[in-house]
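A.B. asks: Just dropping this structure here.
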Amino acid sequence: MTIKQLSIFIENKSGTLIKVLEMLSKANIQIIASTVADTKDYGIYRVLCDNPVQAYMLLKDEGINAQLTDVFAISIDDMPGTAAIAINKISASGVNILYLYSFLWKEKGVLVFRTDNNEKAQEAIILNKLRFLTEIDF
């Protein structure tokens, strides 16, 4: 029910992000969605891609600090308020959302998030009949 997300730790200096992007491009890895969260010295570049294991191995071989993380991806209607409704249903089950980002995919909204309790989150998604996405969907 979860998908693999790459979390890539990059220095906040010119050229580090493009190096990662070029490496993935040369390996023919398709980025589906990404986001950058930064601190003073480092950024966390979170990436959904079509082959996260291959991307992870490539980055590790090049000495780039990366992790594979299990995250949830749910599909919602592309209408105002649907993200709030979906996240409210998950939060009401006692699950904390650690981070979230979203994007549009095939005329639907997609919420990607990490929680503090994957079992409870999975149960909430199923009980509330939310549509989860798998790596096959991308």
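Just so we're on the same page: first chain in the structure tokens is A, next is B, and so on; residues restart at 1 for each chain, and ligands are numbered from 1 in the order they show up.
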Using only C-alpha atoms, find each residue of region 36-115 of chain A with at least one atom at most 6 Å away from an atom of region 1-7 of chain A; report its shortest atom-to-atom pair and that distance in Å (one decimal), sort the rows by chain and rising residue number, and return the result as a tab-separated table.
C.D. replies:
```
residue	atom	partner	partner_atom	distance
A:Tyr45	CA	A:Ser7	CA	5.7
A:Arg46	CA	A:Ser7	CA	4.6
A:Val47	CA	A:Leu6	CA	5.0
A:Leu48	CA	A:Gln5	CA	5.2
A:Ala66	CA	A:Ser7	CA	5.5
A:Gln67	CA	A:Ser7	CA	5.1
A:Leu68	CA	A:Leu6	CA	4.8
A:Thr69	CA	A:Gln5	CA	5.1
A:Asp70	CA	A:Lys4	CA	4.9
A:Val71	CA	A:Thr2	CA	5.3
A:Phe72	CA	A:Thr2	CA	4.8
```
A.B. asks: Emit the selected residues as a compact mmCIF listing (two decimals), in the first residue's frame, including C-alpha atoms.
C.D. replies:
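Writing done, so here's selection_24.txt:
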```
# COMPACT_ATOMS: atom_id res chain seq x y z
CA TYR A 45 15.19 16.45 -2.29
CA ARG A 46 12.23 14.06 -2.17
CA VAL A 47 11.53 12.27 -5.43
CA LEU A 48 8.95 9.88 -6.81
CA ALA A 66 20.08 8.94 -0.30
CA GLN A 67 17.43 6.85 1.40
CA LEU A 68 14.41 4.92 0.24
CA THR A 69 11.36 5.80 2.31
CA ASP A 70 7.91 4.25 2.39
CA VAL A 71 5.23 6.89 1.81
CA PHE A 72 1.53 6.81 1.01
```
A.B. asks: Write out as a list of chain:residue names the residues lying within 7 Å of Ile90 (chain A), counting only C-alpha atoms and excluding same-chain residues fewer than 3 positions away.
C.D. replies: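 Listing them by chain and then by number gives A:Ala86, A:Ile87, A:Ser93, A:Val95, A:Ala121, A:Ala124, A:Ile125.
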A.B. asks: Residues within 8 Å of Asn51 (chain A), please, as a list in words. Count only C-alpha atoms; anything in the same chain fewer than 2 positions from it doesn't count.
C.D. replies: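 Contacts, with the query itself left out: Ile29, Gln30, Cys49, Val53, Gln54 and Ala55 of chain A.
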A.B. asks: Could you give me, as a list in words, the residues within 10 Å of Asn117 (chain A), counting only C-alpha atoms and dropping anything in the same chain fewer than 4 positions from it?
C.D. replies: Gly94, Val95, Asn96, Ile97, Leu98, Ala121 and Gln122 of chain A
A.B. asks: Could you give me, as number ranges by chain, the residues within 12 Å of region 73-84 of chain A, counting only C-alpha atoms and dropping anything in the same chain fewer than 5 positions from it?
C.D. replies: A: 1-5, 33, 48, 89-92, 100-115, 121-122, 124-126, 128-138
A.B. asks: What's the separation between CA of Met57 (chain A) and CA of Thr39 (chain A), in Å to one decimal place?
C.D. replies: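 Computing the Euclidean distance for CA of Met57 (chain A) and CA of Thr39 (chain A) yields 25.1 Å.
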A.B. asks: Where in region 22-121 of chain A does DSSP assign strand (DSSP E), given as a ChimeraX atom specification?
C.D. replies: /A:31-38,42-49,66-76,97-105,108-115
A.B. asks: Can you measure CA of Glu62 (chain A) to CA of Ile8 (chain A) for me? One decimal in Å is fine.
C.D. replies: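 So the two atoms, CA of Glu62 (chain A) and CA of Ile8 (chain A), lie 12.2 Å apart.
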A.B. asks: What is the CA of Tyr42 (chain A)-CA of Lys13 (chain A) distance in Å, reported with one decimal?
C.D. replies: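 Straight-line distance from CA of Tyr42 (chain A) to CA of Lys13 (chain A) works out to 8.5 Å.
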A.B. asks: Can you pull out every residue within 7 Å of Ile44 (chain A), counting only C-alpha atoms, but drop anything in the same chain fewer than 6 positions away, and send it as a VMD selection string?
C.D. replies: chain A and resid 7 to 10 36 to 38
A.B. asks: Now that the selection is made, can you save its residues with N, CA and C atoms as a short mmCIF file (atom, residue, chain, number, x, y, z; two decimals), in the first residue's frame?
C.D. replies:
```cif
data_model
loop_
_atom_site.label_atom_id
_atom_site.label_comp_id
_atom_site.auth_asym_id
_atom_site.auth_seq_id
_atom_site.Cartn_x
_atom_site.Cartn_y
_atom_site.Cartn_z
N SER A 7 14.76 9.98 -0.81
CA SER A 7 15.10 11.19 -0.07
C SER A 7 16.60 11.39 -0.27
N ILE A 8 16.94 12.45 -0.97
CA ILE A 8 18.32 12.71 -1.36
C ILE A 8 18.81 13.94 -0.60
N PHE A 9 19.91 13.78 0.11
CA PHE A 9 20.46 14.88 0.89
C PHE A 9 21.52 15.58 0.07
N ILE A 10 21.27 16.87 -0.20
CA ILE A 10 22.18 17.63 -1.04
C ILE A 10 22.58 18.92 -0.34
N VAL A 36 11.63 19.99 -2.67
CA VAL A 36 12.85 20.26 -1.92
C VAL A 36 12.47 20.96 -0.62
N ALA A 37 12.98 20.43 0.49
CA ALA A 37 12.87 21.09 1.79
C ALA A 37 14.28 21.47 2.18
N ASP A 38 14.50 22.73 2.51
CA ASP A 38 15.87 23.12 2.79
C ASP A 38 16.09 23.57 4.22
#
```
